[in-house]
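Structure data follow from my_file_2.txt (compact mmCIF, C-alpha atoms):
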```txt
# COMPACT_ATOMS: atom_id res chain seq x y z
CA MET A 1 -103.39 -89.07 104.80
CA LYS A 2 -105.46 -92.25 105.34
CA VAL A 3 -108.87 -91.46 106.85
CA LEU A 4 -111.57 -93.64 108.42
CA LEU A 5 -115.23 -92.57 108.82
CA ILE A 6 -117.38 -94.10 111.58
CA ASP A 7 -120.97 -92.84 111.79
CA ASP A 8 -124.29 -94.70 111.93
CA GLU A 9 -125.92 -92.14 109.60
CA LYS A 10 -125.33 -92.72 105.88
CA ALA A 11 -126.13 -89.07 105.17
CA MET A 12 -123.10 -88.11 107.25
CA HIS A 13 -120.94 -90.42 105.14
CA LEU A 14 -121.98 -88.57 102.00
CA ILE A 15 -121.35 -85.14 103.58
CA MET A 16 -117.89 -86.07 104.85
CA LYS A 17 -116.89 -87.75 101.58
CA LYS A 18 -117.86 -84.61 99.66
CA MET A 19 -115.93 -82.31 102.01
CA LEU A 20 -112.80 -84.49 102.24
CA ALA A 21 -112.71 -84.94 98.45
CA LYS A 22 -111.84 -81.23 98.18
CA MET A 23 -108.63 -81.75 100.17
CA PRO A 24 -105.50 -82.99 98.37
CA ASP A 25 -103.64 -86.09 99.64
CA VAL A 26 -106.61 -87.31 101.70
CA GLU A 27 -107.74 -90.89 101.08
CA ILE A 28 -110.84 -92.39 102.70
CA VAL A 29 -109.78 -96.00 103.30
CA GLY A 30 -112.90 -97.15 105.17
CA ILE A 31 -116.48 -96.18 106.03
CA PHE A 32 -118.38 -97.92 108.83
CA GLN A 33 -121.83 -97.65 110.44
CA GLU A 34 -120.85 -99.64 113.57
CA THR A 35 -117.72 -99.92 115.71
CA GLU A 36 -116.91 -103.63 115.69
CA SER A 37 -115.94 -103.78 112.01
CA ALA A 38 -114.08 -100.48 112.39
CA PHE A 39 -112.12 -101.92 115.33
CA SER A 40 -111.06 -104.98 113.27
CA TYR A 41 -109.95 -102.69 110.45
CA LEU A 42 -107.86 -100.48 112.74
CA ILE A 43 -106.11 -103.52 114.22
CA GLN A 44 -105.08 -104.72 110.76
CA PHE A 45 -104.39 -101.58 108.76
CA GLU A 46 -102.56 -98.29 109.17
CA VAL A 47 -104.86 -95.26 109.53
CA ASP A 48 -103.79 -91.66 110.16
CA LEU A 49 -107.09 -90.03 111.14
CA VAL A 50 -110.48 -91.32 112.36
CA PHE A 51 -113.64 -89.24 112.23
CA LEU A 52 -115.90 -90.80 114.86
CA ASP A 53 -119.49 -90.05 115.84
CA ILE A 54 -119.97 -90.14 119.62
CA SER A 55 -123.63 -91.27 119.54
CA MET A 56 -123.18 -94.75 118.08
CA PRO A 57 -125.49 -97.77 118.64
CA ARG A 58 -124.40 -100.52 121.10
CA GLU A 59 -121.08 -98.78 121.84
CA THR A 60 -120.56 -95.02 122.13
CA GLY A 61 -117.72 -93.30 120.33
CA VAL A 62 -116.02 -92.60 123.67
CA GLU A 63 -116.22 -96.29 124.68
CA PHE A 64 -114.84 -97.26 121.28
CA ALA A 65 -111.98 -94.79 121.67
CA GLU A 66 -111.20 -96.21 125.12
CA ARG A 67 -111.01 -99.68 123.62
CA ILE A 68 -108.66 -98.43 120.90
CA ARG A 69 -106.37 -96.83 123.48
CA GLU A 70 -106.37 -99.99 125.62
CA LYS A 71 -105.06 -101.84 122.55
CA GLY A 72 -102.15 -99.40 122.44
CA LEU A 73 -103.27 -97.71 119.22
CA HIS A 74 -102.44 -94.01 119.04
CA THR A 75 -104.44 -93.25 115.89
CA LYS A 76 -105.65 -89.64 115.82
CA ILE A 77 -109.38 -89.51 116.64
CA VAL A 78 -111.66 -86.59 115.76
CA PHE A 79 -115.08 -86.73 117.43
CA LEU A 80 -118.14 -85.56 115.51
CA THR A 81 -121.26 -84.83 117.56
CA SER A 82 -124.23 -82.54 118.01
CA HIS A 83 -123.68 -82.42 121.77
CA LYS A 84 -121.08 -80.00 123.13
CA GLU A 85 -121.23 -81.54 126.59
CA TYR A 86 -119.25 -84.56 125.42
CA ALA A 87 -116.13 -82.48 124.80
CA LEU A 88 -114.57 -83.19 128.21
CA PHE A 89 -115.01 -86.97 127.84
CA ALA A 90 -113.54 -86.82 124.35
CA PHE A 91 -110.27 -85.35 125.54
CA ASP A 92 -110.05 -87.95 128.33
CA VAL A 93 -109.34 -90.52 125.56
CA GLU A 94 -106.69 -88.32 123.91
CA ALA A 95 -108.93 -87.04 121.15
CA PHE A 96 -107.07 -85.16 118.45
CA ASP A 97 -109.99 -82.79 117.89
CA TYR A 98 -113.69 -82.29 118.52
CA ILE A 99 -116.06 -80.94 115.85
CA VAL A 100 -119.68 -80.03 116.56
CA LYS A 101 -122.22 -80.85 113.84
CA PRO A 102 -123.12 -79.54 111.36
CA VAL A 103 -119.53 -79.81 110.12
CA MET A 104 -118.31 -76.75 108.24
CA GLN A 105 -115.78 -77.03 105.39
CA ASP A 106 -113.30 -74.52 106.84
CA ARG A 107 -113.46 -76.15 110.30
CA LEU A 108 -112.80 -79.59 108.83
CA HIS A 109 -109.96 -78.17 106.72
CA ARG A 110 -108.20 -76.79 109.83
CA THR A 111 -108.39 -80.17 111.55
CA VAL A 112 -106.96 -82.03 108.56
CA GLN A 113 -104.18 -79.47 108.10
CA LYS A 114 -103.22 -79.80 111.76
CA ALA A 115 -103.08 -83.59 111.33
CA PHE A 116 -100.83 -83.18 108.28
CA GLU A 117 -98.46 -80.91 110.21
CA GLU A 118 -98.20 -83.33 113.12
CA LYS A 119 -97.56 -86.23 110.79
CA ARG A 120 -94.72 -84.37 109.07
CA SER A 121 -93.20 -83.51 112.46
CA GLU A 122 -93.41 -87.15 113.57
CA GLN A 123 -91.75 -88.35 110.36
CA LEU A 124 -88.93 -85.84 110.82
CA LEU A 125 -88.31 -87.02 114.38
CA GLN A 126 -88.29 -90.64 113.23
CA SER A 127 -85.71 -89.90 110.54
CA ILE A 128 -83.45 -88.29 113.14
CA ARG A 129 -83.80 -90.89 115.89
CA LYS A 130 -84.12 -94.21 114.09
CA PRO A 131 -81.45 -96.23 112.28
CA ALA A 132 -81.63 -96.61 108.52
CA SER A 133 -83.35 -99.85 107.50
CA GLU A 134 -80.46 -100.98 105.28
CA HIS A 135 -78.43 -101.50 108.49
CA ILE A 136 -80.96 -103.99 109.84
CA THR A 137 -80.30 -107.74 109.86
CA LEU A 138 -83.17 -110.19 110.25
CA ILE A 139 -81.76 -113.26 111.98
CA CYS A 140 -83.53 -116.60 111.55
CA LEU A 141 -80.61 -119.03 111.81
CA GLY A 142 -80.48 -120.27 115.39
CA GLY A 143 -83.57 -118.28 116.45
CA ILE A 144 -85.61 -115.22 115.43
CA ASP A 145 -84.09 -111.82 116.05
CA ILE A 146 -83.72 -108.34 114.59
CA GLN A 147 -80.34 -106.68 114.89
CA SER A 148 -79.63 -103.01 114.18
CA ALA A 149 -76.34 -101.35 113.24
CA ASN A 150 -75.65 -100.55 116.91
CA ASN A 151 -76.31 -104.21 117.87
CA THR A 152 -79.56 -103.56 119.77
CA ARG A 153 -81.70 -106.69 119.78
CA VAL A 154 -85.44 -106.99 119.46
CA LYS A 155 -87.84 -107.23 122.39
CA TRP A 156 -90.74 -109.27 121.06
CA LYS A 157 -94.27 -108.29 122.08
CA SER A 158 -95.22 -111.98 121.96
CA SER A 159 -93.87 -115.29 120.66
CA LYS A 160 -96.54 -115.23 117.93
CA SER A 161 -95.32 -111.87 116.59
CA ALA A 162 -91.85 -113.41 116.17
CA GLU A 163 -93.37 -116.47 114.53
CA LEU A 164 -95.40 -114.34 112.10
CA LEU A 165 -92.27 -112.51 110.96
CA GLY A 166 -90.47 -115.82 110.40
CA TYR A 167 -93.48 -117.15 108.50
CA LEU A 168 -93.61 -114.17 106.14
CA LEU A 169 -89.82 -114.25 105.60
CA VAL A 170 -90.00 -117.89 104.55
CA HIS A 171 -92.49 -116.79 101.88
CA LYS A 172 -89.81 -114.38 100.54
CA GLY A 173 -91.96 -111.31 99.93
CA ARG A 174 -94.92 -113.17 98.46
CA LEU A 175 -98.46 -112.33 99.58
CA VAL A 176 -100.04 -114.93 101.88
CA SER A 177 -103.78 -115.04 102.57
CA ARG A 178 -105.18 -114.46 106.05
CA SER A 179 -106.92 -117.83 105.91
CA LYS A 180 -103.62 -119.60 105.19
CA ILE A 181 -101.87 -117.77 108.04
CA VAL A 182 -104.70 -118.61 110.44
CA GLU A 183 -104.53 -122.27 109.40
CA ASP A 184 -100.74 -122.53 109.77
CA LEU A 185 -100.16 -120.39 112.87
CA PHE A 186 -103.40 -120.79 114.82
CA GLY A 187 -104.62 -124.23 113.73
CA GLY A 188 -106.84 -125.94 116.28
CA MET A 189 -108.15 -122.65 117.63
CA ALA A 190 -111.76 -121.59 117.17
CA GLN A 191 -112.08 -119.54 113.97
CA LYS A 192 -113.30 -116.35 115.64
CA ASN A 193 -110.58 -116.53 118.30
CA ALA A 194 -107.94 -117.25 115.67
CA GLU A 195 -109.00 -114.21 113.61
CA THR A 196 -108.81 -111.99 116.69
CA TYR A 197 -105.46 -113.44 117.70
CA LEU A 198 -104.07 -112.80 114.19
CA ASN A 199 -105.23 -109.17 114.31
CA THR A 200 -103.47 -108.68 117.62
CA THR A 201 -100.33 -110.43 116.37
CA VAL A 202 -100.16 -108.25 113.24
CA TYR A 203 -100.50 -105.15 115.40
CA GLN A 204 -97.75 -106.35 117.77
CA LEU A 205 -95.43 -107.10 114.86
CA ARG A 206 -96.05 -103.64 113.37
CA LYS A 207 -95.06 -102.04 116.69
CA VAL A 208 -91.84 -104.06 116.82
CA LEU A 209 -90.97 -103.22 113.21
CA GLU A 210 -91.72 -99.53 113.79
CA ALA A 211 -88.79 -99.31 116.21
CA TYR A 212 -86.47 -100.40 113.38
CA GLU A 213 -88.10 -98.25 110.68
CA LEU A 214 -89.44 -101.40 109.02
CA LYS A 215 -93.16 -100.91 109.56
CA GLU A 216 -93.70 -100.12 105.87
CA ASN A 217 -92.12 -103.47 104.93
CA LEU A 218 -95.16 -105.26 106.36
CA HIS A 219 -97.77 -105.04 103.61
CA SER A 220 -101.47 -105.85 103.87
CA GLU A 221 -103.63 -106.09 100.77
CA SER A 222 -107.07 -107.63 100.19
CA ASN A 223 -106.85 -109.97 103.18
CA HIS A 224 -103.27 -110.91 102.32
CA TYR A 225 -99.98 -110.14 104.07
CA ALA A 226 -96.38 -109.98 102.91
CA PHE A 227 -93.04 -108.76 104.21
CA SER A 228 -90.99 -106.79 101.68
CA LEU A 229 -87.31 -107.72 101.51
CA ASN A 230 -86.26 -104.28 100.26
CA GLN A 231 -83.28 -102.77 102.11
CA VAL A 232 -83.01 -105.54 104.70
CA HIS A 233 -80.52 -108.36 105.14
CA VAL A 234 -82.03 -111.77 105.92
CA ASP A 235 -79.40 -114.25 107.09
CA PHE A 236 -80.86 -117.52 105.82
CA LEU A 237 -81.70 -116.04 102.41
CA SER A 238 -78.16 -114.69 101.92
CA PHE A 239 -76.77 -118.05 103.10
CA GLU A 240 -78.87 -119.83 100.50
CA VAL A 241 -77.59 -117.52 97.76
CA GLY A 242 -74.02 -118.12 98.92
CA CYS A 243 -74.45 -121.90 98.79
CA LYS A 244 -75.69 -121.70 95.21
CA GLN A 245 -72.78 -119.47 94.21
CA LEU A 246 -70.31 -121.89 95.82
CA SER A 247 -71.64 -125.02 94.16
CA ILE A 248 -67.98 -125.99 93.69
CA VAL A 249 -65.46 -125.30 96.48
CA ASP A 250 -61.79 -125.30 95.54
CA GLU A 251 -58.59 -123.39 96.17
CA SER A 252 -59.94 -120.30 94.42
CA ASN A 253 -62.87 -119.76 96.78
CA ILE A 254 -62.18 -121.83 99.89
CA GLN A 255 -61.76 -118.76 102.12
CA LEU A 256 -65.14 -117.42 100.98
CA ALA A 257 -66.66 -120.81 101.78
CA ILE A 258 -65.15 -120.77 105.29
CA GLU A 259 -66.61 -117.32 105.90
CA LEU A 260 -70.03 -118.43 104.61
CA GLU A 261 -70.06 -121.46 106.91
CA GLN A 262 -69.44 -119.17 109.88
CA LYS A 263 -72.66 -117.30 109.04
CA TYR A 264 -74.70 -120.46 109.65
CA THR A 265 -75.17 -119.97 113.38
CA GLY A 266 -77.82 -122.66 113.80
CA HIS A 267 -80.71 -124.35 112.07
CA LEU A 268 -83.64 -122.25 110.85
CA PHE A 269 -85.48 -120.73 113.87
CA GLY A 270 -83.25 -122.65 116.29
CA GLU A 271 -85.18 -124.36 119.09
CA ARG A 272 -88.51 -122.92 117.95
CA SER A 273 -90.37 -125.87 116.47
CA PHE A 274 -92.98 -124.51 114.06
CA PRO A 275 -94.90 -127.29 112.26
CA TRP A 276 -95.38 -125.09 109.18
CA ALA A 277 -91.58 -124.64 108.96
CA TRP A 278 -90.48 -128.28 109.18
CA ASN A 279 -90.02 -128.73 105.43
CA GLU A 280 -88.05 -125.49 105.12
CA VAL A 281 -85.91 -126.36 108.15
CA GLU A 282 -85.12 -129.76 106.60
CA ARG A 283 -84.35 -128.22 103.19
CA LEU A 284 -81.90 -125.67 104.62
CA THR A 285 -80.33 -128.28 106.91
CA LEU A 286 -79.65 -130.53 103.94
CA MET A 287 -78.31 -127.57 101.96
CA TYR A 288 -75.95 -126.70 104.84
CA SER A 289 -74.79 -130.33 105.16
CA ALA A 290 -74.05 -130.63 101.44
CA PHE A 291 -72.18 -127.32 101.51
CA VAL A 292 -70.05 -128.38 104.51
CA HIS A 293 -69.24 -131.66 102.77
CA ARG A 294 -67.96 -129.73 99.73
CA LEU A 295 -65.95 -127.43 101.96
CA CYS A 296 -64.48 -130.30 103.99
CA MET A 297 -63.38 -132.18 100.90
CA ALA A 298 -61.55 -129.03 99.76
CA LEU A 299 -60.02 -128.65 103.24
CA LEU A 300 -58.82 -132.27 103.27
CA HIS A 301 -57.30 -131.79 99.82
CA ARG A 302 -55.51 -128.75 101.20
CA GLY A 303 -54.29 -130.67 104.25
CA GLU A 304 -56.37 -128.71 106.81
CA THR A 305 -57.66 -131.80 108.57
CA ASN A 306 -58.29 -130.19 111.96
CA THR A 307 -60.68 -127.62 110.48
CA ALA A 308 -62.46 -130.32 108.48
CA ILE A 309 -62.85 -132.52 111.58
CA ARG A 310 -64.25 -129.61 113.60
CA LEU A 311 -66.89 -128.84 110.96
CA LEU A 312 -67.86 -132.49 110.50
CA LEU A 313 -68.21 -133.04 114.26
CA LYS A 314 -70.42 -129.94 114.32
CA LEU A 315 -72.64 -131.57 111.70
CA MET A 316 -72.82 -134.87 113.53
CA ALA A 317 -73.72 -133.17 116.81
CA HIS A 318 -77.08 -132.45 115.17
CA ASN A 319 -77.35 -135.78 113.35
CA GLU A 320 -75.28 -138.57 114.85
CA ILE A 321 -76.34 -141.10 112.19
CA ASP A 322 -75.21 -138.92 109.25
CA GLU A 323 -73.17 -141.52 107.39
CA GLU A 324 -71.82 -139.23 104.68
CA SER A 325 -70.31 -136.90 107.31
CA PHE A 326 -68.90 -139.87 109.21
CA MET A 327 -67.20 -141.24 106.09
CA LEU A 328 -65.45 -137.90 105.58
CA LEU A 329 -64.43 -137.97 109.26
CA MET A 330 -62.86 -141.39 108.78
CA LYS A 331 -60.83 -140.02 105.85
CA ALA A 332 -59.68 -137.10 108.00
CA TRP A 333 -58.56 -139.34 110.88
CA ALA A 334 -56.71 -141.56 108.40
CA LEU A 335 -54.91 -138.52 106.95
CA GLN A 336 -53.79 -137.71 110.51
CA ASP A 337 -52.64 -141.35 111.01
CA ASN A 338 -55.02 -141.43 113.97
CA LYS A 339 -55.85 -145.15 114.10
CA GLU A 340 -57.26 -144.92 117.62
CA ALA A 341 -59.83 -142.28 116.63
CA LEU A 342 -60.76 -144.24 113.50
CA VAL A 343 -61.34 -147.54 115.34
CA SER A 344 -63.11 -146.20 118.42
CA ASN A 345 -65.39 -143.84 116.51
CA TYR A 346 -66.34 -146.48 113.92
CA SER A 347 -67.34 -148.83 116.71
CA ARG A 348 -69.37 -146.05 118.39
CA PHE A 349 -71.02 -145.10 115.09
CA ALA A 350 -72.03 -148.74 114.46
CA ASP A 351 -73.51 -148.96 117.97
CA VAL A 352 -75.53 -145.77 117.46
CA LEU A 353 -76.94 -147.03 114.14
CA HIS A 354 -77.96 -150.32 115.73
CA ARG A 355 -79.49 -148.67 118.79
CA GLU A 356 -81.36 -145.88 116.97
CA ILE A 357 -82.61 -147.52 113.77
CA GLY A 358 -81.59 -151.17 114.04
CA ILE A 359 -79.17 -151.33 111.08
CA LYS A 360 -75.46 -151.77 110.43
CA PRO A 361 -73.19 -149.29 108.59
CA SER A 362 -73.68 -149.47 104.83
CA LEU A 363 -71.42 -151.62 102.69
CA GLU A 364 -69.81 -148.45 101.30
CA ALA A 365 -68.98 -147.18 104.83
CA SER A 366 -67.72 -150.54 106.08
CA ASP A 367 -65.53 -151.02 102.96
CA LEU A 368 -64.06 -147.53 103.42
CA TYR A 369 -63.31 -148.30 107.07
CA THR A 370 -61.58 -151.55 106.12
CA ARG A 371 -59.43 -149.85 103.45
CA LEU A 372 -58.43 -146.97 105.70
CA LEU A 373 -57.60 -149.26 108.62
CA SER A 374 -55.58 -151.53 106.32
CA GLY A 375 -53.64 -148.51 105.08
CA LEU A 376 -52.85 -147.39 108.64
CA ASN A 377 -51.77 -150.93 109.66
CA ALA A 378 -49.47 -151.08 106.65
```
Translate the structure described by the file into C-alpha cells.
Amino acid sequence: MKVLLIDDEKAMHLIMKKMLAKMPDVEIVGIFQETESAFSYLIQFEVDLVFLDISMPRETGVEFAERIREKGLHTKIVFLTSHKEYALFAFDVEAFDYIVKPVMQDRLHRTVQKAFEEKRSEQLLQSIRKPASEHITLICLGGIDIQSANNTRVKWKSSKSAELLGYLLVHKGRLVSRSKIVEDLFGGMAQKNAETYLNTTVYQLRKVLEAYELKENLHSESNHYAFSLNQVHVDFLSFEVGCKQLSIVDESNIQLAIELEQKYTGHLFGERSFPWAWNEVERLTLMYSAFVHRLCMALLHRGETNTAIRLLLKLMAHNEIDEESFMLLMKAWALQDNKEALVSNYSRFADVLHREIGIKPSLEASDLYTRLLSGLNA
C-alpha cells in the first residue's frame, strides 16, 4: 500500500510515520508540507492512499481534492482535521475516510485495513474483466495502436499519450530521463508548461494502459521513465528480430520470409511524423527494403515473378527513385518477356530521376537495361 502524507505541520509527519510504521505492507512514498508539489507527485506516480490535512496554506485540503478529482484521479483520500464541521465537504469530493485529530492508532488501523480490502476487491474484479497482457499487441508499423485478443482497438486520450508510448517503445525498455523526454516531445515549449504537459501525458497514458492491464509496464524511477516489454508483443521489434534471423532467404525459409513481409503493414508510426523518430524510421525502412530485396531475389530464382513484382512496386510506391528495387523489377519483367513494361518503365524511371534530383540512371542500371533489352530483342 503506497501512502502519501500532506500536512503543513512537521510534527504531524512524525506522528503519522510512527503509527504507519506499525502496519505491515504500508510504504510512505512521499511527505509534503504544501499541495503543489504533492499534486505534481500524484500526476506522475501511483499512490493508493493520501492522508490530507484540510487546513493547508494557500489551498485547503478540500480545494486540493477537488483539483485531483477534476484531473480524473480516483486516489483514495483520507482527511485529517481538528474540525468536525468539514466532514460534509470532505465527502462531496469522494473522500475515502475522515479522521478527527488527534489521530488514534486503532482508528488509523481501521482506515488502512478498509483500504487494503477495497484494493484486493478491485484487483479481483480487474483479473476477471480484463484480458491477459500476453494477448496484447502494440502496433507501431503504419501507426500507433494497441490491439487486444478480442481485437478491440485503443481510444487515445490525446495524440501526445500515443506519441509517448511510441517514444518509450523505441527505447526498448531502457529508462529515459524526464529532461530528455521534455526536450524530444515538447521542444520549443516553455519549460514549466512542458513539465506540466508531460505530467498530464503520463497520466493519460497510464489510464489507457490500465484498460489493457498494462499499467504496471510503465515504470517511473528517479525522474526517469521506461516501458517494460514483458508479456507484450511489439510488431516492429518482432519484425526486426525476424529480419536478422532471415539474413539469407532461400528455398528452405522462403515461406517464413513471405509471412514476415506481410507483418510489415507500413513504416514506423505511419503518417505520424515525429522528429525524434526520423532516424529510427529510416533505419527500419532500410532494413525492410534490404529484406524485401533478399526475398524478391529468392522469388525470382523460384520463378514467382508476379509476387516479386508486387513487392517491388510496393517498395517503389514509397521511394520512386530506389534504384536497387528498380533493377530487380527490370530483371522480373525480362523473366516475363515483358519488353513493353521494361522499356516504358525505364524511360519513366529516368524521367523521375532527372526531375527529382537532376541525375541520370547509374552506369550499372543503364548497362543492366541494355543487356536485358538486348536479350529480349534476340
Next on the checklist: From the options A:Leu175, A:Asn377, A:Leu80, A:Arg69, which residue's atoms come nearest to Ile6 (chain A), counting all atoms listed in the file?
Outcome noted: A:Leu80
Checklist entry - In Å to one decimal, how far is CA of Leu286 (chain A) from CA of Val343 (chain A)? => result 27.5 Å
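Rounded to one decimal, CA of Glu118 (chain A) and CA of Val208 (chain A) lie 22.0 Å from each other.
For Glu364 (chain A), the set of protein, DNA and RNA residues having any atom at most 10 Å away, when counting all atoms listed in the file and skipping those fewer than 3 positions along the same chain, is Glu323, Met327, Pro361, Asp367, Leu368 and Tyr369 of chain A.
CA of Phe32 (chain A) sits 18.7 Å away from CA of Glu221 (chain A).
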Next on the checklist: Just want the 12 Å neighbourhood of Leu73 (chain A), counted on all atoms listed in the file, with same-chain residues fewer than 2 positions away dropped. Output as a ChimeraX atom specification.
Outcome noted: /A:39,42-50,64-71,75-77,93-94,200,203-204,206-207
Item to check | Exercise: Val182 (chain A) partners within 9 Å, only C-alpha atoms, chain neighbours under 6 positions left out, as an MDAnalysis selection string | outcome: chainID A and resid 189 191 194:195 197:198
Item to check | Selection as a list in words: residues within 6 Å of (-65.0, -139.1, 103.5), counting all atoms listed in the file | outcome: Met327, Leu328, Leu329 and Lys331 of chain A
